[in-house]
$ cat run-v3.txt   # compact mmCIF, C-alpha atoms and all ligand atoms
# COMPACT_ATOMS: atom_id res chain seq x y z
CA MET R 1 118.43 14.71 -36.66
CA ALA R 2 116.26 15.80 -33.76
CA HIS R 3 114.05 18.80 -34.34
CA ARG R 4 115.23 21.75 -32.32
CA THR R 5 113.21 24.96 -32.23
CA PRO R 6 115.65 27.79 -32.91
CA ILE R 7 115.93 30.47 -30.26
CA LEU R 8 117.06 34.02 -30.89
CA ALA R 9 117.57 36.12 -27.81
CA GLY R 10 118.45 39.79 -27.56
CA ASN R 11 120.80 40.57 -24.71
CA TRP R 12 120.44 44.28 -24.25
CA LYS R 13 123.15 44.47 -21.60
CA MET R 14 123.10 47.82 -19.70
CA HIS R 15 121.12 49.72 -22.34
CA LYS R 16 117.65 51.28 -22.37
CA ASN R 17 115.64 52.60 -19.44
CA HIS R 18 112.16 51.18 -19.02
CA LEU R 19 110.51 53.79 -21.24
CA GLU R 20 113.01 53.27 -24.04
CA ALA R 21 112.63 49.53 -23.59
CA ILE R 22 108.88 49.76 -24.17
CA GLN R 23 109.54 51.65 -27.40
CA VAL R 24 112.04 49.10 -28.63
CA VAL R 25 109.65 46.20 -28.01
CA GLN R 26 106.71 48.04 -29.57
CA GLN R 27 108.78 48.78 -32.66
CA LEU R 28 110.03 45.21 -32.76
CA ALA R 29 106.49 43.82 -32.48
CA TYR R 30 105.36 46.12 -35.28
CA ARG R 31 108.19 44.97 -37.54
CA LEU R 32 107.62 41.31 -36.72
CA GLU R 33 103.94 41.52 -37.63
CA ASP R 34 104.47 41.01 -41.32
CA ARG R 35 107.50 38.78 -41.04
CA ASP R 36 107.65 35.04 -40.84
CA TYR R 37 109.38 34.28 -37.56
CA GLU R 38 107.15 31.82 -35.78
CA HIS R 39 109.36 28.83 -36.50
CA ALA R 40 111.65 30.23 -33.80
CA GLU R 41 111.40 31.40 -30.22
CA ILE R 42 112.25 35.05 -29.77
CA ALA R 43 113.32 36.43 -26.41
CA VAL R 44 114.27 39.90 -25.24
CA CYS R 45 116.49 40.31 -22.20
CA PRO R 46 116.29 43.95 -21.04
CA PRO R 47 117.82 45.28 -17.83
CA PHE R 48 116.01 44.35 -14.59
CA THR R 49 114.37 47.76 -14.38
CA ALA R 50 112.44 47.15 -17.59
CA LEU R 51 111.24 43.60 -16.91
CA ARG R 52 107.92 44.58 -15.37
CA SER R 53 107.08 47.04 -18.15
CA ILE R 54 107.93 44.54 -20.86
CA GLN R 55 106.00 41.79 -19.10
CA THR R 56 102.92 44.02 -19.11
CA LEU R 57 103.42 44.92 -22.77
CA ILE R 58 103.85 41.30 -23.88
CA GLN R 59 100.75 40.21 -21.97
CA GLY R 60 98.62 43.22 -22.88
CA ASP R 61 99.34 43.00 -26.59
CA ASP R 62 99.59 39.21 -26.65
CA LEU R 63 103.03 39.40 -28.27
CA LYS R 64 104.80 36.20 -29.23
CA LEU R 65 107.92 37.17 -27.38
CA GLN R 66 109.55 35.57 -24.39
CA LEU R 67 110.96 37.60 -21.57
CA GLY R 68 114.52 37.00 -20.42
CA ALA R 69 116.75 38.35 -17.68
CA GLN R 70 120.49 38.87 -17.95
CA ASP R 71 121.55 37.45 -14.60
CA CYS R 72 120.29 36.49 -11.13
CA HIS R 73 121.46 35.41 -7.72
CA TRP R 74 121.20 31.75 -6.72
CA GLU R 75 119.42 32.21 -3.38
CA ASP R 76 115.67 32.79 -3.12
CA GLN R 77 116.07 35.74 -0.76
CA GLY R 78 118.38 37.13 1.89
CA ALA R 79 120.95 39.75 2.77
CA PHE R 80 122.47 40.13 -0.69
CA THR R 81 122.37 43.86 -1.34
CA GLY R 82 121.80 44.73 -4.95
CA GLU R 83 120.90 41.23 -6.10
CA VAL R 84 117.75 39.85 -7.73
CA SER R 85 116.53 36.32 -7.02
CA PRO R 86 115.12 33.62 -9.32
CA PRO R 87 111.65 33.62 -7.71
CA MET R 88 111.44 37.38 -8.21
CA LEU R 89 112.12 36.84 -11.91
CA ALA R 90 109.72 33.90 -12.18
CA GLU R 91 106.99 36.10 -10.74
CA LEU R 92 107.51 38.45 -13.70
CA ASP R 93 106.96 35.60 -16.16
CA VAL R 94 110.62 35.56 -17.06
CA ALA R 95 111.21 32.46 -19.17
CA TYR R 96 114.98 32.65 -19.74
CA VAL R 97 117.86 33.81 -17.60
CA VAL R 98 121.32 34.35 -19.06
CA VAL R 99 123.95 33.00 -16.69
CA GLY R 100 127.72 33.14 -16.94
CA HIS R 101 127.96 35.73 -19.67
CA SER R 102 131.64 36.43 -20.33
CA GLU R 103 131.15 40.00 -19.09
CA ARG R 104 129.97 38.59 -15.75
CA ARG R 105 132.85 36.15 -15.70
CA GLU R 106 135.46 38.76 -16.61
CA LEU R 107 134.23 41.95 -14.97
CA PHE R 108 132.43 40.54 -11.94
CA GLY R 109 134.61 37.56 -11.11
CA GLU R 110 132.08 34.82 -11.70
CA ASP R 111 133.53 31.34 -11.93
CA ASP R 112 131.98 28.08 -13.07
CA ALA R 113 130.79 27.26 -9.55
CA THR R 114 128.88 30.55 -9.38
CA VAL R 115 127.42 30.01 -12.82
CA ASN R 116 126.41 26.49 -11.84
CA ALA R 117 124.63 27.69 -8.70
CA LYS R 118 122.73 30.26 -10.77
CA ALA R 119 121.80 27.78 -13.52
CA ARG R 120 120.48 25.29 -10.98
CA ALA R 121 118.49 27.96 -9.15
CA VAL R 122 116.94 29.12 -12.42
CA LEU R 123 115.85 25.56 -13.20
CA THR R 124 114.48 25.06 -9.70
CA HIS R 125 112.17 28.00 -10.28
CA GLY R 126 110.83 26.72 -13.59
CA MET R 127 112.81 29.02 -15.87
CA ARG R 128 115.41 28.16 -18.49
CA PRO R 129 119.05 29.13 -18.09
CA ILE R 130 121.03 30.30 -21.11
CA VAL R 131 124.45 29.11 -20.00
CA CYS R 132 127.24 31.05 -21.69
CA VAL R 133 130.65 29.62 -22.50
CA GLY R 134 133.46 30.84 -24.73
CA GLU R 135 137.20 31.25 -25.04
CA THR R 136 139.36 34.37 -25.23
CA LEU R 137 141.53 35.23 -28.21
CA GLU R 138 144.69 34.15 -26.36
CA GLN R 139 143.12 30.82 -25.52
CA ARG R 140 142.05 30.29 -29.13
CA GLU R 141 145.47 31.22 -30.47
CA ALA R 142 147.08 28.82 -28.01
CA GLY R 143 144.89 26.01 -29.33
CA GLU R 144 143.04 25.76 -26.03
CA ALA R 145 139.58 26.86 -27.13
CA GLU R 146 137.90 23.47 -27.00
CA GLY R 147 139.43 22.52 -23.66
CA VAL R 148 138.41 25.85 -22.12
CA VAL R 149 134.84 25.53 -23.36
CA ARG R 150 134.62 21.93 -22.17
CA ARG R 151 135.81 22.90 -18.69
CA GLN R 152 133.31 25.78 -18.53
CA LEU R 153 130.57 23.47 -19.68
CA ASP R 154 131.38 20.72 -17.17
CA GLY R 155 131.64 23.18 -14.30
CA SER R 156 128.59 25.21 -15.20
CA LEU R 157 126.32 22.20 -15.67
CA ALA R 158 127.54 20.09 -12.73
CA GLY R 159 124.69 18.30 -10.97
CA ILE R 160 122.08 19.25 -13.58
CA THR R 161 120.02 16.17 -14.42
CA ALA R 162 119.30 14.76 -17.87
CA GLU R 163 115.68 15.75 -17.41
CA GLN R 164 116.65 19.32 -16.54
CA MET R 165 118.94 19.50 -19.56
CA ALA R 166 115.85 19.65 -21.77
CA GLU R 167 115.30 23.16 -20.34
CA VAL R 168 118.89 24.34 -20.72
CA VAL R 169 120.17 26.45 -23.61
CA VAL R 170 123.93 26.75 -24.10
CA ALA R 171 125.32 29.89 -25.72
CA TYR R 172 128.73 29.65 -27.33
CA GLU R 173 130.14 33.17 -27.32
CA PRO R 174 133.81 33.49 -28.21
CA VAL R 175 134.96 36.47 -26.16
CA TRP R 176 136.93 37.91 -29.06
CA ALA R 177 133.79 38.14 -31.18
CA ILE R 178 131.67 40.05 -28.65
CA GLY R 179 131.06 43.67 -29.56
CA THR R 180 134.12 43.66 -31.81
CA GLY R 181 132.48 43.23 -35.21
CA LYS R 182 134.57 40.07 -35.61
CA THR R 183 132.34 37.08 -36.12
CA ALA R 184 133.48 33.49 -35.88
CA LEU R 185 133.46 31.81 -39.27
CA PRO R 186 130.24 29.83 -39.54
CA SER R 187 132.36 26.68 -39.81
CA ASP R 188 134.28 27.56 -36.62
CA ALA R 189 131.03 28.29 -34.78
CA ASP R 190 129.64 24.98 -35.97
CA GLU R 191 132.77 23.11 -34.97
CA MET R 192 132.61 24.41 -31.41
CA CYS R 193 128.84 23.96 -31.12
CA GLY R 194 129.37 20.41 -32.39
CA ALA R 195 132.07 19.85 -29.77
CA ILE R 196 129.65 21.10 -27.11
CA ARG R 197 127.01 18.64 -28.32
CA THR R 198 129.55 15.82 -28.26
CA ARG R 199 130.47 16.65 -24.67
CA ILE R 200 126.81 16.67 -23.65
CA ALA R 201 126.35 13.30 -25.38
CA GLU R 202 129.26 11.89 -23.37
CA GLN R 203 127.70 13.01 -20.15
CA TYR R 204 123.96 12.74 -20.77
CA GLY R 205 123.57 10.44 -23.76
CA GLN R 206 122.84 11.12 -27.40
CA ALA R 207 119.13 11.85 -27.04
CA VAL R 208 119.72 14.71 -24.59
CA ALA R 209 122.53 16.05 -26.78
CA ASP R 210 120.36 15.90 -29.89
CA GLY R 211 117.67 17.93 -28.14
CA LEU R 212 120.02 20.59 -26.72
CA ARG R 213 119.73 24.02 -28.26
CA ILE R 214 123.06 25.76 -28.73
CA GLN R 215 123.22 29.43 -29.63
CA TYR R 216 126.09 31.26 -31.20
CA GLY R 217 126.80 34.78 -29.94
CA GLY R 218 129.28 37.43 -31.00
CA SER R 219 128.62 40.19 -33.55
CA VAL R 220 125.58 38.47 -35.05
CA LYS R 221 124.14 40.88 -37.64
CA PRO R 222 121.66 40.75 -40.53
CA GLY R 223 124.61 40.17 -42.88
CA ASN R 224 125.91 37.02 -41.23
CA VAL R 225 122.93 35.47 -39.44
CA LYS R 226 121.80 33.24 -42.28
CA ASP R 227 125.15 31.51 -42.69
CA LEU R 228 125.51 31.05 -38.96
CA MET R 229 122.00 29.69 -38.49
CA GLY R 230 122.50 27.38 -41.45
CA GLN R 231 125.10 25.37 -39.57
CA GLU R 232 124.11 21.96 -38.32
CA HIS R 233 124.88 22.56 -34.66
CA VAL R 234 123.87 26.23 -34.39
CA ASP R 235 120.29 26.44 -33.12
CA GLY R 236 120.03 30.10 -32.34
CA ALA R 237 121.75 33.36 -31.65
CA LEU R 238 122.44 35.43 -28.57
CA VAL R 239 122.55 38.94 -29.93
CA GLY R 240 123.97 42.02 -28.26
CA GLY R 241 124.29 45.24 -30.27
CA ALA R 242 121.97 44.32 -33.13
CA SER R 243 119.15 43.45 -30.72
CA LEU R 244 118.90 47.11 -29.67
CA ASP R 245 117.81 48.06 -33.18
CA PRO R 246 114.24 46.83 -33.77
CA GLU R 247 114.72 46.68 -37.54
CA ASP R 248 117.92 44.66 -37.33
CA PHE R 249 116.55 42.31 -34.70
CA ALA R 250 113.35 41.76 -36.69
CA VAL R 251 115.49 40.85 -39.71
CA LEU R 252 117.50 38.44 -37.57
CA CYS R 253 114.30 36.77 -36.38
CA SER R 254 113.26 35.99 -39.95
CA TYR R 255 116.77 34.98 -41.05
CA HIS R 256 115.48 32.03 -43.06
CA ARG R 257 113.81 34.44 -45.49
CA LEU R 258 117.02 36.36 -46.24
P1 LIG Q 1 127.35 41.56 -29.70
O1 LIG Q 1 126.26 40.94 -30.54
O2 LIG Q 1 127.18 43.02 -29.47
O3 LIG Q 1 128.71 41.17 -30.22
O4 LIG Q 1 127.22 40.89 -28.23
C1 LIG Q 1 127.16 39.52 -28.13
C2 LIG Q 1 126.80 39.16 -26.73
O5 LIG Q 1 127.57 39.32 -25.82
C3 LIG Q 1 125.43 38.65 -26.49
O6 LIG Q 1 125.33 38.14 -25.20
$ encode --input "run-v3.txt" --output "structure tokens"
Amino acid sequence: MAHRTPILAGNWKMHKNHLEAIQVVQQLAYRLEDRDYEHAEIAVCPPFTALRSIQTLIQGDDLKLQLGAQDCHWEDQGAFTGEVSPPMLAELDVAYVVVGHSERRELFGEDDATVNAKARAVLTHGMRPIVCVGETLEQREAGEAEGVVRRQLDGSLAGITAEQMAEVVVAYEPVWAIGTGKTALPSDADEMCGAIRTRIAEQYGQAVADGLRIQYGGSVKPGNVKDLMGQEHVDGALVGGASLDPEDFAVLCSYHRL
């Protein structure tokens, strides 16, 4: 099996102003100091308003953390009031950009074409998109989960080359598991992440699929992270609520010691 460096990313959503964000990252860095987490990449994705502060903190203290953003527009610049562009993020040393989170899809009307435009723009500017896919409870109960995820995947990755796929992370986040305390069974998470890898193999070949990192997201906590991360096809976690607590997130980052 190909070696894939695990990636744990904290998606803070609309929480923490820039001062609070600095505190969270300082506390996280302190807690990570005596933990063994360097086998994995760790990213924090604060709101846009905190990116500059966290960039400065990471650089100043030489922290082994990556900076992520939660969204972006697909154009470099223009009359798009309220939006933030990929080159603006790249200039802040943002390494990862979450695109197509289910909250963006559901609450802000993003479709696969939008997500695709964003993912491609992120790649163009030398950053890595974390492309989110996942089914709703109704879709799962109707037996449509795999088809839904495959369609989201195909649409969101359209036109992305095999070479670019090495920079892409896919996050499987079943909508019913987000913020609900309901976690997918590790076996269910693995089954869907495996199905995602199979789809990528069909389209890009086995080598690209073997190298693809696939995160699970949805109520990941210290109590369930080890089982989830132990699955063959789960290469990381996209963490919401638990990433706001420096102690919990530090524990998640050293899950292999639990
Ligand atoms: P929770 O971990 O709070 O369920 O959120 C998951 C998520 O949406 C991460 O992007």
$ atom_distance --input "run-v3.txt" --atom1 "atom CA of Ile22 of chain R" --atom2 "atom CA of Arg104 of chain R"
25.3 Å
$ atom_distance --input "run-v3.txt" --atom1 "atom CA of Val94 of chain R" --atom2 "atom CA of Gly109 of chain R"
24.8 Å
$ residues_around --input "run-v3.txt" --residues "segment 39-41 of chain R" --least-positions-apart "3" --cutoff "9 Å" --atoms "all atoms listed in the file" --output "PyMOL selection string"
chain R and resi 5-9+36+64-66+236+253-254
$ closest_atom_pairs --input "run-v3.txt" --of "chain R" --to "ligand LIG 1 (chain Q)" --cutoff "9 Å" --atoms "all atoms listed in the file" --output "tab-separated table"
residue	atom	partner	partner_atom	distance
R:Ala9	CA	Q:LIG1	C3	8.4
R:Gly10	CA	Q:LIG1	C3	7.2
R:Asn11	CA	Q:LIG1	O6	5.2
R:Trp12	CA	Q:LIG1	C3	7.8
R:Lys13	CA	Q:LIG1	O6	7.6
R:Gln70	CA	Q:LIG1	O6	8.7
R:Val98	CA	Q:LIG1	O6	8.3
R:His101	CA	Q:LIG1	O6	6.6
R:Ser102	CA	Q:LIG1	O5	7.4
R:Glu103	CA	Q:LIG1	O5	7.7
R:Cys132	CA	Q:LIG1	O6	8.1
R:Ala171	CA	Q:LIG1	O6	8.3
R:Glu173	CA	Q:LIG1	O5	6.8
R:Pro174	CA	Q:LIG1	O5	8.9
R:Val175	CA	Q:LIG1	O5	7.9
R:Trp176	CA	Q:LIG1	O3	8.9
R:Ala177	CA	Q:LIG1	O3	6.0
R:Ile178	CA	Q:LIG1	O3	3.5
R:Gly179	CA	Q:LIG1	O3	3.5
R:Thr180	CA	Q:LIG1	O3	6.2
R:Gly181	CA	Q:LIG1	O3	6.6
R:Lys182	CA	Q:LIG1	O3	8.0
R:Thr183	CA	Q:LIG1	O3	8.0
R:Tyr216	CA	Q:LIG1	C3	8.8
R:Gly217	CA	Q:LIG1	C1	5.1
R:Gly218	CA	Q:LIG1	O3	3.9
R:Ser219	CA	Q:LIG1	O3	3.5
R:Val220	CA	Q:LIG1	O1	5.2
R:Lys221	CA	Q:LIG1	O1	7.4
R:Ala237	CA	Q:LIG1	C3	8.3
R:Leu238	CA	Q:LIG1	C3	4.9
R:Val239	CA	Q:LIG1	O1	4.3
R:Gly240	CA	Q:LIG1	O1	3.4
R:Gly241	CA	Q:LIG1	O2	3.7
R:Ala242	CA	Q:LIG1	O1	6.0
R:Ser243	CA	Q:LIG1	O1	7.5
$ residues_near_point --input "run-v3.txt" --point "(120.4, 36.8, -3.7)" --cutoff "12 Å" --atoms "all atoms listed in the file" --output "list in words"
Asp71, Cys72, His73, Trp74, Glu75, Asp76, Gln77, Gly78, Ala79, Phe80, Thr81, Gly82, Glu83, Val84, Ser85, Pro86, Pro87, Met88, Leu89, Thr114, Ala117, Lys118 and Ala121 of chain R
$ closest_residue --input "run-v3.txt" --among "R:Ala50, R:Leu123, R:Leu153, R:Ala43" --to "Glu135 of chain R" --atoms "all atoms listed in the file"
R:Leu153
$ atom_distance --input "run-v3.txt" --atom1 "atom CA of Arg199 of chain R" --atom2 "atom CA of Leu67 of chain R"
28.8 Å
$ residues_around --input "run-v3.txt" --residues "Ile214 of chain R" --least-positions-apart "6" --cutoff "6 Å" --atoms "only C-alpha atoms" --output "PyMOL selection string"
chain R and resi 169-171+234-235
$ residues_near_point --input "run-v3.txt" --point "(129.4, 18.8, -30.5)" --cutoff "10 Å" --atoms "all atoms listed in the file" --output "list in words"
Asp190, Glu191, Met192, Cys193, Gly194, Ala195, Ile196, Arg197, Thr198, Arg199, Ile200, Ala201, Glu202, Ala209, Asp210, Ile214, Glu232 and His233 of chain R
$ write_last_selection --input "run-v3.txt" --atoms "C-alpha atoms" --output "PDB file, in the coordinates of the input"
ATOM      1  CA  ASP R 190     129.640  24.980 -35.970  1.00  0.00           C
ATOM      2  CA  GLU R 191     132.770  23.110 -34.970  1.00  0.00           C
ATOM      3  CA  MET R 192     132.610  24.410 -31.410  1.00  0.00           C
ATOM      4  CA  CYS R 193     128.840  23.960 -31.120  1.00  0.00           C
ATOM      5  CA  GLY R 194     129.370  20.410 -32.390  1.00  0.00           C
ATOM      6  CA  ALA R 195     132.070  19.850 -29.770  1.00  0.00           C
ATOM      7  CA  ILE R 196     129.650  21.100 -27.110  1.00  0.00           C
ATOM      8  CA  ARG R 197     127.010  18.640 -28.320  1.00  0.00           C
ATOM      9  CA  THR R 198     129.550  15.820 -28.260  1.00  0.00           C
ATOM     10  CA  ARG R 199     130.470  16.650 -24.670  1.00  0.00           C
ATOM     11  CA  ILE R 200     126.810  16.670 -23.650  1.00  0.00           C
ATOM     12  CA  ALA R 201     126.350  13.300 -25.380  1.00  0.00           C
ATOM     13  CA  GLU R 202     129.260  11.890 -23.370  1.00  0.00           C
ATOM     14  CA  ALA R 209     122.530  16.050 -26.780  1.00  0.00           C
ATOM     15  CA  ASP R 210     120.360  15.900 -29.890  1.00  0.00           C
ATOM     16  CA  ILE R 214     123.060  25.760 -28.730  1.00  0.00           C
ATOM     17  CA  GLU R 232     124.110  21.960 -38.320  1.00  0.00           C
ATOM     18  CA  HIS R 233     124.880  22.560 -34.660  1.00  0.00           C
TER      19      HIS R 233
END
$ decode --input "run-v3.txt" --residues "segment 195-208 of chain R" --atoms "N, CA, C and O atoms" --output "compact mmCIF listing (two decimals), in the first residue's frame"
# COMPACT_ATOMS: atom_id res chain seq x y z
N ALA R 195 -14.67 3.53 -1.62
CA ALA R 195 -15.42 3.74 -2.87
C ALA R 195 -14.89 4.99 -3.59
O ALA R 195 -14.80 5.03 -4.82
N ILE R 196 -14.51 5.99 -2.81
CA ILE R 196 -13.94 7.22 -3.40
C ILE R 196 -12.61 6.86 -4.07
O ILE R 196 -12.34 7.27 -5.21
N ARG R 197 -11.81 6.07 -3.39
CA ARG R 197 -10.51 5.69 -3.99
C ARG R 197 -10.71 4.88 -5.27
O ARG R 197 -9.99 5.07 -6.25
N THR R 198 -11.70 4.02 -5.25
CA THR R 198 -11.98 3.21 -6.45
C THR R 198 -12.38 4.12 -7.62
O THR R 198 -11.94 3.92 -8.75
N ARG R 199 -13.20 5.11 -7.32
CA ARG R 199 -13.64 6.03 -8.38
C ARG R 199 -12.45 6.80 -8.95
O ARG R 199 -12.34 7.02 -10.15
N ILE R 200 -11.56 7.22 -8.07
CA ILE R 200 -10.37 7.96 -8.52
C ILE R 200 -9.48 7.03 -9.36
O ILE R 200 -8.91 7.45 -10.37
N ALA R 201 -9.40 5.77 -8.97
CA ALA R 201 -8.61 4.81 -9.75
C ALA R 201 -9.19 4.64 -11.14
O ALA R 201 -8.45 4.57 -12.13
N GLU R 202 -10.52 4.61 -11.23
CA GLU R 202 -11.16 4.47 -12.54
C GLU R 202 -10.82 5.65 -13.44
O GLU R 202 -10.66 5.52 -14.64
N GLN R 203 -10.72 6.80 -12.85
CA GLN R 203 -10.54 7.99 -13.66
C GLN R 203 -9.08 8.41 -13.84
O GLN R 203 -8.74 9.00 -14.86
N TYR R 204 -8.25 8.10 -12.86
CA TYR R 204 -6.86 8.59 -12.90
C TYR R 204 -5.82 7.47 -12.85
O TYR R 204 -4.62 7.74 -12.95
N GLY R 205 -6.26 6.25 -12.63
CA GLY R 205 -5.32 5.14 -12.50
C GLY R 205 -5.01 4.84 -11.05
O GLY R 205 -5.22 5.68 -10.16
N GLN R 206 -4.51 3.63 -10.84
CA GLN R 206 -4.33 3.14 -9.46
C GLN R 206 -3.28 3.93 -8.68
O GLN R 206 -3.43 4.16 -7.49
N ALA R 207 -2.22 4.35 -9.37
CA ALA R 207 -1.13 5.04 -8.64
C ALA R 207 -1.64 6.35 -8.04
O ALA R 207 -1.33 6.66 -6.88
N VAL R 208 -2.41 7.10 -8.80
CA VAL R 208 -2.97 8.36 -8.29
C VAL R 208 -3.91 8.06 -7.13
O VAL R 208 -3.87 8.72 -6.09
